[in-house]
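Text of coords.txt, listed as compact mmCIF, C-alpha atoms:
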```txt
# COMPACT_ATOMS: atom_id res chain seq x y z
CA MET A 1 95.85 91.74 99.97
CA HIS A 2 96.47 94.16 97.11
CA ILE A 3 99.32 96.68 97.07
CA LEU A 4 99.89 99.48 94.55
CA ALA A 5 103.29 101.18 94.43
CA TRP A 6 105.02 104.05 92.65
CA GLY A 7 108.55 105.42 92.82
CA ALA A 8 110.96 107.99 91.43
CA THR A 9 114.60 109.00 91.88
CA ASP A 10 116.53 112.13 90.95
CA VAL A 11 120.15 113.22 91.02
CA GLY A 12 119.22 116.46 92.79
CA MET A 13 120.65 119.92 92.17
CA LYS A 14 124.22 119.59 93.51
CA ARG A 15 125.45 116.09 92.61
CA ASP A 16 126.68 114.97 89.19
CA HIS A 17 125.60 111.34 89.57
CA ASN A 18 122.92 109.36 91.35
CA GLU A 19 124.03 106.81 93.95
CA ASP A 20 120.46 105.90 94.96
CA SER A 21 118.66 102.78 93.73
CA TYR A 22 115.12 101.58 94.27
CA LEU A 23 112.97 98.56 93.50
CA ILE A 24 109.24 97.98 93.20
CA ARG A 25 107.87 94.46 92.75
CA GLU A 26 104.10 94.61 93.31
CA ASP A 27 103.83 90.89 92.47
CA LEU A 28 106.09 90.09 95.43
CA GLY A 29 104.78 92.83 97.70
CA LEU A 30 108.35 94.16 97.83
CA CYS A 31 109.74 97.72 97.79
CA VAL A 32 113.33 98.78 98.50
CA VAL A 33 115.29 102.05 98.65
CA ALA A 34 119.09 102.14 98.94
CA ASP A 35 121.34 105.20 99.20
CA GLY A 36 124.90 104.29 98.26
CA MET A 37 128.16 105.77 99.47
CA GLY A 38 131.77 105.33 98.46
CA GLY A 39 132.28 107.60 95.48
CA HIS A 40 130.87 107.54 91.95
CA ALA A 41 131.51 103.87 91.19
CA GLY A 42 131.24 102.56 94.75
CA GLY A 43 127.99 104.19 95.79
CA GLU A 44 126.09 103.30 92.64
CA MET A 45 127.39 99.75 92.73
CA ALA A 46 126.63 99.23 96.42
CA SER A 47 123.02 100.42 96.15
CA SER A 48 122.36 98.44 92.98
CA ILE A 49 123.82 95.27 94.50
CA ALA A 50 121.60 95.75 97.54
CA VAL A 51 118.31 96.03 95.67
CA LYS A 52 119.23 93.20 93.26
CA THR A 53 120.29 90.85 96.06
CA ILE A 54 117.09 91.49 98.01
CA GLU A 55 114.96 90.96 94.91
CA ASP A 56 116.77 87.72 94.05
CA GLY A 57 116.54 86.50 97.63
CA VAL A 58 112.79 87.00 97.83
CA LEU A 59 112.33 85.37 94.42
CA GLU A 60 114.38 82.35 95.53
CA GLN A 61 112.13 81.98 98.59
CA LYS A 62 108.93 82.96 96.82
CA ALA A 63 107.01 80.14 98.49
CA VAL A 64 107.42 81.97 101.80
CA VAL A 65 105.45 84.97 100.54
CA GLU A 66 102.74 83.14 98.60
CA PRO A 67 99.30 84.59 99.50
CA GLN A 68 98.06 81.25 100.85
CA LYS A 69 101.00 81.00 103.24
CA GLY A 70 99.86 82.08 106.68
CA TYR A 71 101.64 82.03 110.01
CA GLU A 72 100.36 81.67 113.55
CA GLY A 73 102.67 82.84 116.29
CA ALA A 74 104.71 85.84 117.35
CA VAL A 75 104.90 88.18 114.36
CA GLU A 76 108.58 88.95 114.96
CA LYS A 77 109.33 85.23 114.41
CA SER A 78 107.46 85.14 111.10
CA PRO A 79 109.32 83.46 108.20
CA VAL A 80 108.69 86.65 106.20
CA ALA A 81 110.47 88.80 108.80
CA ARG A 82 113.38 86.38 108.75
CA LEU A 83 113.43 86.36 104.94
CA ILE A 84 113.70 90.13 104.49
CA SER A 85 116.34 90.34 107.23
CA ASP A 86 118.39 87.53 105.66
CA CYS A 87 118.18 89.20 102.25
CA VAL A 88 119.62 92.46 103.62
CA ARG A 89 122.40 90.57 105.37
CA LYS A 90 123.16 88.70 102.13
CA ALA A 91 123.33 92.05 100.34
CA CYS A 92 125.82 93.21 102.97
CA SER A 93 128.03 90.18 102.35
CA ASN A 94 127.84 90.57 98.56
CA ILE A 95 128.79 94.26 98.67
CA TYR A 96 131.66 93.64 101.08
CA LYS A 97 133.06 90.82 98.93
CA LYS A 98 132.80 92.94 95.79
CA ALA A 99 134.68 95.75 97.52
CA GLN A 100 137.55 93.41 98.36
CA GLU A 101 138.02 92.63 94.66
CA ARG A 102 138.85 96.19 93.62
CA ARG A 103 140.85 98.71 95.63
CA GLU A 104 138.81 101.69 94.39
CA LEU A 105 135.63 100.10 95.78
CA GLN A 106 136.91 99.41 99.28
CA GLY A 107 134.80 101.07 101.95
CA MET A 108 131.70 101.29 99.78
CA GLY A 109 128.33 100.66 101.38
CA THR A 110 124.71 101.68 101.29
CA THR A 111 121.75 102.44 103.46
CA THR A 112 118.94 99.98 102.84
CA ILE A 113 115.28 100.08 103.73
CA GLY A 114 112.90 97.49 102.38
CA ILE A 115 109.29 96.57 102.96
CA LEU A 116 107.74 93.17 102.31
CA PHE A 117 103.95 92.91 102.55
CA HIS A 118 102.42 89.59 103.56
CA ASP A 119 99.34 88.28 105.34
CA LYS A 120 98.05 91.55 106.83
CA HIS A 121 101.49 92.79 107.87
CA ALA A 122 104.17 95.06 106.51
CA PHE A 123 107.65 93.78 107.39
CA ILE A 124 110.26 96.54 107.22
CA ALA A 125 114.02 95.87 107.22
CA HIS A 126 116.19 98.87 107.99
CA VAL A 127 119.89 99.79 108.04
CA GLY A 128 121.15 103.38 107.84
CA ASP A 129 119.32 106.69 107.63
CA SER A 130 116.93 106.13 104.74
CA ARG A 131 113.44 106.17 106.22
CA ALA A 132 110.08 104.44 106.32
CA TYR A 133 106.90 106.41 107.07
CA LEU A 134 103.29 105.40 107.53
CA ILE A 135 100.52 107.79 106.49
CA ARG A 136 97.25 106.60 108.06
CA ASP A 137 93.97 108.37 108.81
CA GLY A 138 95.40 111.81 108.07
CA ARG A 139 98.48 111.35 110.25
CA ILE A 140 102.11 110.57 109.47
CA LEU A 141 104.46 108.45 111.59
CA GLN A 142 108.15 107.78 111.04
CA LEU A 143 108.51 104.03 111.53
CA SER A 144 112.28 103.65 111.23
CA GLU A 145 114.91 105.21 113.46
CA ASP A 146 117.99 106.69 111.82
CA HIS A 147 121.26 104.88 112.39
CA SER A 148 123.17 108.15 112.44
CA LEU A 149 125.56 110.04 114.68
CA VAL A 150 123.17 112.99 114.96
CA ASN A 151 120.28 110.74 115.99
CA GLU A 152 122.44 109.14 118.68
CA GLN A 153 123.36 112.60 119.98
CA LEU A 154 119.69 113.60 119.93
CA ARG A 155 118.60 110.49 121.83
CA ALA A 156 121.33 111.07 124.41
CA GLY A 157 120.08 114.62 124.96
CA LEU A 158 123.35 116.14 123.76
CA ILE A 159 121.68 118.27 121.08
CA THR A 160 118.21 119.64 120.35
CA GLU A 161 116.04 118.80 117.33
CA GLN A 162 116.87 122.20 115.84
CA GLN A 163 120.59 121.59 116.32
CA ALA A 164 120.19 118.16 114.74
CA LYS A 165 118.68 119.69 111.60
CA LEU A 166 121.60 122.10 111.25
CA SER A 167 124.40 119.74 112.31
CA ARG A 168 127.34 119.35 109.95
CA PHE A 169 127.46 115.70 111.04
CA LYS A 170 123.95 114.85 109.83
CA ASN A 171 125.26 112.72 106.94
CA ILE A 172 127.39 110.47 109.16
CA ILE A 173 125.69 107.10 109.57
CA THR A 174 126.60 104.56 112.24
CA ARG A 175 125.42 101.44 110.42
CA SER A 176 125.50 100.54 106.72
CA VAL A 177 125.12 97.60 104.38
CA GLY A 178 128.44 96.43 102.93
CA PHE A 179 131.00 98.36 104.96
CA GLU A 180 131.59 95.17 106.96
CA GLU A 181 130.79 91.59 106.01
CA ASP A 182 127.68 91.40 108.21
CA VAL A 183 125.28 93.89 109.71
CA ALA A 184 122.53 94.03 112.32
CA VAL A 185 119.16 94.61 110.64
CA ASP A 186 116.28 96.34 112.41
CA ILE A 187 112.94 94.65 111.70
CA ILE A 188 109.62 96.44 112.15
CA ALA A 189 106.25 94.71 111.72
CA VAL A 190 103.09 96.76 111.24
CA LEU A 191 99.53 95.45 111.07
CA LEU A 192 98.01 96.68 107.83
CA LYS A 193 94.88 98.74 107.43
CA GLU A 194 93.11 99.44 104.17
CA GLY A 195 94.04 102.91 102.95
CA ASP A 196 97.50 102.83 104.53
CA CYS A 197 100.26 104.57 102.58
CA TYR A 198 103.85 103.51 103.29
CA MET A 199 106.70 105.69 102.11
CA LEU A 200 110.37 104.79 101.77
CA CYS A 201 112.84 107.58 101.04
CA SER A 202 116.51 108.47 101.05
CA ASP A 203 117.79 111.24 103.30
CA GLY A 204 117.88 113.59 100.33
CA LEU A 205 114.15 113.97 100.90
CA ALA A 206 113.98 113.63 104.69
CA ASN A 207 116.57 116.38 105.26
CA LEU A 208 114.62 118.95 103.25
CA VAL A 209 110.92 118.08 103.48
CA LYS A 210 109.00 118.10 106.76
CA ASP A 211 106.80 115.21 107.89
CA GLU A 212 103.65 117.32 107.72
CA GLU A 213 104.51 118.33 104.15
CA ILE A 214 104.88 114.67 103.18
CA GLN A 215 101.48 113.98 104.72
CA GLU A 216 99.91 116.91 102.91
CA ILE A 217 101.32 116.04 99.47
CA THR A 218 100.42 112.35 99.71
CA SER A 219 96.92 113.14 100.96
CA GLU A 220 96.04 115.89 98.47
CA ASN A 221 97.40 114.41 95.22
CA PHE A 222 97.15 111.20 93.22
CA LEU A 223 99.73 108.92 94.80
CA ARG A 224 101.24 108.08 91.42
CA HIS A 225 102.29 111.73 91.16
CA ALA A 226 103.40 112.17 94.78
CA PRO A 227 106.99 110.85 94.42
CA GLU A 228 107.77 113.43 91.72
CA LEU A 229 106.04 116.21 93.67
CA LEU A 230 108.06 115.42 96.80
CA ILE A 231 111.29 115.29 94.81
CA ASP A 232 110.45 118.63 93.17
CA LEU A 233 109.96 120.20 96.59
CA ALA A 234 113.33 118.89 97.82
CA ASN A 235 115.02 120.24 94.70
CA LYS A 236 113.38 123.65 95.12
CA ARG A 237 114.98 123.79 98.57
CA GLY A 238 118.46 123.18 97.23
CA GLY A 239 118.44 119.50 96.30
CA ASP A 240 121.86 119.00 97.89
CA ASP A 241 121.66 115.20 97.63
CA ASN A 242 120.15 112.49 95.47
CA VAL A 243 116.45 112.05 96.23
CA THR A 244 114.45 108.81 96.04
CA VAL A 245 110.84 108.21 97.04
CA VAL A 246 108.74 105.03 96.91
CA LEU A 247 105.07 104.94 97.93
CA ALA A 248 103.04 101.80 98.54
CA TYR A 249 99.27 101.97 99.00
CA VAL A 250 97.28 99.22 100.71
CA GLU A 251 94.20 98.98 98.50
CA ASP A 252 92.77 95.84 100.04
CA VAL A 253 93.81 93.79 103.05
CA GLY A 254 91.61 90.77 102.36
CA GLU A 255 90.78 87.89 104.66
CA PRO A 256 93.32 86.55 107.14
CA GLN A 257 95.14 83.37 106.03
CA LYS A 258 95.26 80.14 107.98
CA ALA A 259 98.65 78.76 108.86
CA ALA A 260 99.93 76.43 106.14
```

Rewrite the structure of this file - the entire thing - as structure tokens.
Amino acid sequence: MHILAWGATDVGMKRDHNEDSYLIREDLGLCVVADGMGGHAGGEMASSIAVKTIEDGVLEQKAVVEPQKGYEGAVEKSPVARLISDCVRKACSNIYKKAQERRELQGMGTTTIGILFHDKHAFIAHVGDSRAYLIRDGRILQLSEDHSLVNEQLRAGLITEQQAKLSRFKNIITRSVGFEEDVAVDIIAVLLKEGDCYMLCSDGLANLVKDEEIQEITSENFLRHAPELLIDLANKRGGDDNVTVVLAYVEDVGEPQKAA
């Protein structure tokens, strides 16, 4: 399996600092986006702790994601799924403990969405309202489901999609990494197909750029340029938040591995 990835982040047009962080490690098949909250120091620190903890955790358990390591059984019980989930939970604990050390950091947290590619699957770990999309065969699909107040209202039928887009509560999330010592992590496993494009982004993009526009930009431009093009579009529409985009392209899936 061969993955190519590109990313970019921008402060946007209204903020004076960037609380987003992202990570790309093609050698590990790992990509992460985190959107911090908790003020200038808190938000930046929370998101940076998240991506660093996840990177360190995967490196410490690198044997789990070695190419020759296969797994036979239910995909949701894969050691790789457990690894990425455990790394996000460790990040949660680290952020929470750091916040207890300094009063000005208390209450800080971050959204976190990470993807770990291994053995013909993409394993996505998700907390918050940063998003994961799959662009495949000319179509786009949102893989993650926002942990947000507005999304809960939408699912309950209390508001319409149009009302959700305009809601003044759209930035209120119901689950974050670091606000408490532990967190429930959603895990999504997707069978890979050559030519797949996976996108991770913060809500600074998702709130301003439509799904079909994401599909169009990623399909009609070199993918290495697409993160900047998407960010530019969000900024042209007001750029009222930090904007981060990571794209990962599945160049080759390869042969399936035997269980080790």

Closest atom pairs, residues of segment 48-148 of chain A within 9 Å of segment 211-233 of chain A, only C-alpha atoms, as a Markdown table:
```
| residue | atom | partner | partner_atom | distance |
| --- | --- | --- | --- | --- |
| A:Tyr133 | CA | A:Asp211 | CA | 8.8 |
| A:Ile135 | CA | A:Gln215 | CA | 6.5 |
| A:Gly138 | CA | A:Gln215 | CA | 7.3 |
| A:Arg139 | CA | A:Gln215 | CA | 6.8 |
| A:Ile140 | CA | A:Gln215 | CA | 5.9 |
| A:Leu141 | CA | A:Asp211 | CA | 8.1 |
| A:Gln142 | CA | A:Asp211 | CA | 8.2 |
```

Counting all atoms listed in the file, which residue out of A:Glu44, A:Asp182, A:Glu60, A:Asp129 sits closest to Gly204 of chain A?
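With all atoms listed in the file as the atom set, the closest residue is A:Asp129.
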
List as a tab-separated table every residue of segment 43-66 of chain A that is in contact with segment 172-180 of chain A, defined as an atom at most 10 Å from one of its atoms (using only C-alpha atoms), together with the nearest atom pair and the distance in Å rounded to one decimal, sorted by chain and then rising number.
```
residue	atom	partner	partner_atom	distance
A:Ala46	CA	A:Gly178	CA	7.3
A:Ser47	CA	A:Val177	CA	8.9
A:Ile49	CA	A:Gly178	CA	9.7
A:Ala50	CA	A:Val177	CA	7.9
```

All file atoms of segment 180-183 of chain A boxed axis-aligned, 6 Å per side, centre plus edges, as lines of an AutoDock Vina configuration file:
```
center_x = 128.4
center_y = 93.3
center_z = 107.9
size_x = 18.3
size_y = 15.8
size_z = 15.7
```

One-decimal distance in Å that lies between atom CA of Leu205 of chain A and atom CA of Leu192 of chain A
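Separating atom CA of Leu192 of chain A from atom CA of Leu205 of chain A is a distance of 24.6 Å.
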
Taking all atoms listed in the file into account, which of A:Ile84, A:Val32, A:Leu200, A:Ala8 comes nearest Val64 of chain A?
A:Ile84

Quick one: residues within 9 Å of segment 70-83 of chain A, only C-alpha atoms counted, chain neighbours fewer than 3 positions away excluded, as a PDB file with C-alpha atoms, keeping the file's coordinate frame?
```pdb
ATOM      1  CA  GLY A  57     116.540  86.500  97.630  1.00  0.00           C
ATOM      2  CA  VAL A  58     112.790  87.000  97.830  1.00  0.00           C
ATOM      3  CA  GLN A  61     112.130  81.980  98.590  1.00  0.00           C
ATOM      4  CA  VAL A  64     107.420  81.970 101.800  1.00  0.00           C
ATOM      5  CA  VAL A  65     105.450  84.970 100.540  1.00  0.00           C
ATOM      6  CA  GLU A  66     102.740  83.140  98.600  1.00  0.00           C
ATOM      7  CA  PRO A  67      99.300  84.590  99.500  1.00  0.00           C
ATOM      8  CA  ASP A  86     118.390  87.530 105.660  1.00  0.00           C
ATOM      9  CA  CYS A  87     118.180  89.200 102.250  1.00  0.00           C
ATOM     10  CA  VAL A  88     119.620  92.460 103.620  1.00  0.00           C
ATOM     11  CA  LEU A 116     107.740  93.170 102.310  1.00  0.00           C
ATOM     12  CA  PHE A 117     103.950  92.910 102.550  1.00  0.00           C
ATOM     13  CA  HIS A 118     102.420  89.590 103.560  1.00  0.00           C
ATOM     14  CA  ASP A 119      99.340  88.280 105.340  1.00  0.00           C
ATOM     15  CA  HIS A 121     101.490  92.790 107.870  1.00  0.00           C
ATOM     16  CA  PHE A 123     107.650  93.780 107.390  1.00  0.00           C
ATOM     17  CA  ILE A 124     110.260  96.540 107.220  1.00  0.00           C
ATOM     18  CA  ALA A 125     114.020  95.870 107.220  1.00  0.00           C
ATOM     19  CA  ILE A 187     112.940  94.650 111.700  1.00  0.00           C
ATOM     20  CA  ILE A 188     109.620  96.440 112.150  1.00  0.00           C
ATOM     21  CA  ALA A 189     106.250  94.710 111.720  1.00  0.00           C
ATOM     22  CA  PRO A 256      93.320  86.550 107.140  1.00  0.00           C
ATOM     23  CA  GLN A 257      95.140  83.370 106.030  1.00  0.00           C
ATOM     24  CA  LYS A 258      95.260  80.140 107.980  1.00  0.00           C
ATOM     25  CA  ALA A 259      98.650  78.760 108.860  1.00  0.00           C
ATOM     26  CA  ALA A 260      99.930  76.430 106.140  1.00  0.00           C
TER      27      ALA A 260
END
```

Tell me which protein, DNA and RNA residues are within 10 Å of Asp27 of chain A, counting only C-alpha atoms, leaving out same-chain ones fewer than 4 positions away, and put them as a count of residues only.
4

Top pick for closest residue to Gly43 of chain A, considering A:Ala122, A:Ala99, A:Ala5, A:Met108 and counting all atoms listed in the file
A:Met108

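Across A:Ile113, A:Ala91, A:Val243, A:Leu158, the tightest approach to Glu19 of chain A is made by A:Val243 when counting all atoms listed in the file.
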
Could you jot down the atom CA of Gln68 of chain A to atom CA of Gly29 of chain A separation for me, Å, one decimal place?
13.8 Å

Which of these, A:Leu154, A:Met45, A:Ala164, A:Val183, has the shortest distance to Lys98 of chain A once you count only C-alpha atoms?
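Of all the options, A:Met45 lies closest to Lys98 of chain A.
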
Residues proximal to (99.5, 102.2, 105.7) were defined as those with any atom within 9 Å of that point in the file's coordinates, counting only C-alpha atoms. Which are they, as a ChimeraX atom specification?
/A:122,133-137,190-199,248-250

The distance between atom CA of Asn242 of chain A and atom CA of Val33 of chain A is 11.9 Å

May I ask which of the residues A:His147, A:Thr110, A:Asp35, A:Leu247 is the closest one to Val11 of chain A, counting only C-alpha atoms?
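Ranking A:His147, A:Thr110, A:Asp35, A:Leu247 by distance to Val11 of chain A, first place goes to A:Asp35.
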
Ala206 of chain A: which residues within 9 Å, counting all atoms listed in the file, same-chain residues fewer than 6 positions away excluded, as number ranges by chain?
A: 130-131, 234, 243

Please write all heavy atoms of segment 60-71 of chain A, from the structure given just now, as a PDB file, in the first residue's frame.
```
ATOM      1  N   GLU A  60       5.642   4.365  19.045  1.00  0.00           N
ATOM      2  CA  GLU A  60       5.948   3.402  20.105  1.00  0.00           C
ATOM      3  C   GLU A  60       5.431   2.009  19.779  1.00  0.00           C
ATOM      4  O   GLU A  60       6.004   1.005  20.194  1.00  0.00           O
ATOM      5  CB  GLU A  60       5.357   3.877  21.429  1.00  0.00           C
ATOM      6  CG  GLU A  60       6.076   5.074  22.030  1.00  0.00           C
ATOM      7  CD  GLU A  60       5.340   5.637  23.231  1.00  0.00           C
ATOM      8  OE1 GLU A  60       4.359   4.999  23.683  1.00  0.00           O
ATOM      9  OE2 GLU A  60       5.738   6.717  23.726  1.00  0.00           O
ATOM     10  N   GLN A  61       4.318   1.954  19.030  1.00  0.00           N
ATOM     11  CA  GLN A  61       3.721   0.669  18.661  1.00  0.00           C
ATOM     12  C   GLN A  61       3.878   0.416  17.155  1.00  0.00           C
ATOM     13  O   GLN A  61       2.995  -0.162  16.522  1.00  0.00           O
ATOM     14  CB  GLN A  61       2.246   0.672  19.041  1.00  0.00           C
ATOM     15  CG  GLN A  61       1.987   0.841  20.523  1.00  0.00           C
ATOM     16  CD  GLN A  61       2.488  -0.338  21.328  1.00  0.00           C
ATOM     17  OE1 GLN A  61       2.381  -1.485  20.906  1.00  0.00           O
ATOM     18  NE2 GLN A  61       3.056  -0.069  22.492  1.00  0.00           N
ATOM     19  N   LYS A  62       5.006   0.834  16.618  1.00  0.00           N
ATOM     20  CA  LYS A  62       5.211   0.773  15.179  1.00  0.00           C
ATOM     21  C   LYS A  62       5.072  -0.638  14.621  1.00  0.00           C
ATOM     22  O   LYS A  62       4.660  -0.836  13.475  1.00  0.00           O
ATOM     23  CB  LYS A  62       6.594   1.335  14.827  1.00  0.00           C
ATOM     24  CG  LYS A  62       6.789   1.599  13.351  1.00  0.00           C
ATOM     25  CD  LYS A  62       8.124   2.279  13.086  1.00  0.00           C
ATOM     26  CE  LYS A  62       8.321   2.535  11.594  1.00  0.00           C
ATOM     27  NZ  LYS A  62       9.624   3.178  11.323  1.00  0.00           N
ATOM     28  N   ALA A  63       5.402  -1.624  15.436  1.00  0.00           N
ATOM     29  CA  ALA A  63       5.294  -3.014  14.977  1.00  0.00           C
ATOM     30  C   ALA A  63       3.873  -3.370  14.568  1.00  0.00           C
ATOM     31  O   ALA A  63       3.659  -4.207  13.685  1.00  0.00           O
ATOM     32  CB  ALA A  63       5.778  -3.968  16.068  1.00  0.00           C
ATOM     33  N   VAL A  64       2.896  -2.705  15.190  1.00  0.00           N
ATOM     34  CA  VAL A  64       1.491  -2.988  14.886  1.00  0.00           C
ATOM     35  C   VAL A  64       1.143  -2.591  13.460  1.00  0.00           C
ATOM     36  O   VAL A  64       0.296  -3.218  12.819  1.00  0.00           O
ATOM     37  CB  VAL A  64       0.572  -2.256  15.892  1.00  0.00           C
ATOM     38  CG1 VAL A  64      -0.890  -2.417  15.505  1.00  0.00           C
ATOM     39  CG2 VAL A  64       0.800  -2.775  17.299  1.00  0.00           C
ATOM     40  N   VAL A  65       1.793  -1.537  12.957  1.00  0.00           N
ATOM     41  CA  VAL A  65       1.454  -1.021  11.630  1.00  0.00           C
ATOM     42  C   VAL A  65       2.497  -1.371  10.575  1.00  0.00           C
ATOM     43  O   VAL A  65       2.493  -0.800   9.485  1.00  0.00           O
ATOM     44  CB  VAL A  65       1.232   0.510  11.676  1.00  0.00           C
ATOM     45  CG1 VAL A  65       0.008   0.832  12.491  1.00  0.00           C
ATOM     46  CG2 VAL A  65       2.454   1.240  12.225  1.00  0.00           C
ATOM     47  N   GLU A  66       3.397  -2.292  10.869  1.00  0.00           N
ATOM     48  CA  GLU A  66       4.344  -2.739   9.849  1.00  0.00           C
ATOM     49  C   GLU A  66       3.574  -3.356   8.679  1.00  0.00           C
ATOM     50  O   GLU A  66       2.563  -4.037   8.887  1.00  0.00           O
ATOM     51  CB  GLU A  66       5.320  -3.758  10.431  1.00  0.00           C
ATOM     52  CG  GLU A  66       6.326  -3.177  11.417  1.00  0.00           C
ATOM     53  CD  GLU A  66       7.320  -2.244  10.755  1.00  0.00           C
ATOM     54  OE1 GLU A  66       7.500  -2.336   9.525  1.00  0.00           O
ATOM     55  OE2 GLU A  66       7.908  -1.414  11.469  1.00  0.00           O
ATOM     56  N   PRO A  67       4.032  -3.127   7.443  1.00  0.00           N
ATOM     57  CA  PRO A  67       3.302  -3.626   6.264  1.00  0.00           C
ATOM     58  C   PRO A  67       3.053  -5.130   6.287  1.00  0.00           C
ATOM     59  O   PRO A  67       2.030  -5.601   5.797  1.00  0.00           O
ATOM     60  CB  PRO A  67       4.217  -3.242   5.099  1.00  0.00           C
ATOM     61  CG  PRO A  67       4.980  -2.066   5.603  1.00  0.00           C
ATOM     62  CD  PRO A  67       5.206  -2.321   7.066  1.00  0.00           C
ATOM     63  N   GLN A  68       3.994  -5.900   6.862  1.00  0.00           N
ATOM     64  CA  GLN A  68       3.834  -7.354   6.853  1.00  0.00           C
ATOM     65  C   GLN A  68       2.861  -7.845   7.923  1.00  0.00           C
ATOM     66  O   GLN A  68       2.493  -9.014   7.949  1.00  0.00           O
ATOM     67  CB  GLN A  68       5.192  -8.047   7.057  1.00  0.00           C
ATOM     68  CG  GLN A  68       5.816  -7.870   8.436  1.00  0.00           C
ATOM     69  CD  GLN A  68       6.674  -6.619   8.536  1.00  0.00           C
ATOM     70  OE1 GLN A  68       6.559  -5.722   7.701  1.00  0.00           O
ATOM     71  NE2 GLN A  68       7.534  -6.560   9.536  1.00  0.00           N
ATOM     72  N   LYS A  69       2.417  -6.944   8.782  1.00  0.00           N
ATOM     73  CA  LYS A  69       1.484  -7.321   9.840  1.00  0.00           C
ATOM     74  C   LYS A  69       0.060  -7.323   9.295  1.00  0.00           C
ATOM     75  O   LYS A  69      -0.511  -6.278   8.985  1.00  0.00           O
ATOM     76  CB  LYS A  69       1.577  -6.332  11.008  1.00  0.00           C
ATOM     77  CG  LYS A  69       2.764  -6.573  11.938  1.00  0.00           C
ATOM     78  CD  LYS A  69       2.478  -7.718  12.872  1.00  0.00           C
ATOM     79  CE  LYS A  69       3.594  -7.827  13.906  1.00  0.00           C
ATOM     80  NZ  LYS A  69       3.318  -8.908  14.886  1.00  0.00           N
ATOM     81  N   GLY A  70      -0.502  -8.508   9.169  1.00  0.00           N
ATOM     82  CA  GLY A  70      -1.889  -8.625   8.745  1.00  0.00           C
ATOM     83  C   GLY A  70      -2.768  -9.010   9.918  1.00  0.00           C
ATOM     84  O   GLY A  70      -2.304  -9.253  11.027  1.00  0.00           O
ATOM     85  N   TYR A  71      -4.075  -9.049   9.668  1.00  0.00           N
ATOM     86  CA  TYR A  71      -5.006  -9.413  10.727  1.00  0.00           C
ATOM     87  C   TYR A  71      -6.213 -10.078  10.109  1.00  0.00           C
ATOM     88  O   TYR A  71      -6.794  -9.568   9.142  1.00  0.00           O
ATOM     89  CB  TYR A  71      -5.438  -8.167  11.511  1.00  0.00           C
ATOM     90  CG  TYR A  71      -6.518  -8.441  12.535  1.00  0.00           C
ATOM     91  CD1 TYR A  71      -6.221  -9.103  13.723  1.00  0.00           C
ATOM     92  CD2 TYR A  71      -7.837  -8.047  12.308  1.00  0.00           C
ATOM     93  CE1 TYR A  71      -7.210  -9.368  14.651  1.00  0.00           C
ATOM     94  CE2 TYR A  71      -8.830  -8.295  13.234  1.00  0.00           C
ATOM     95  CZ  TYR A  71      -8.509  -8.957  14.408  1.00  0.00           C
ATOM     96  OH  TYR A  71      -9.484  -9.227  15.326  1.00  0.00           O
TER      97      TYR A  71
END
```
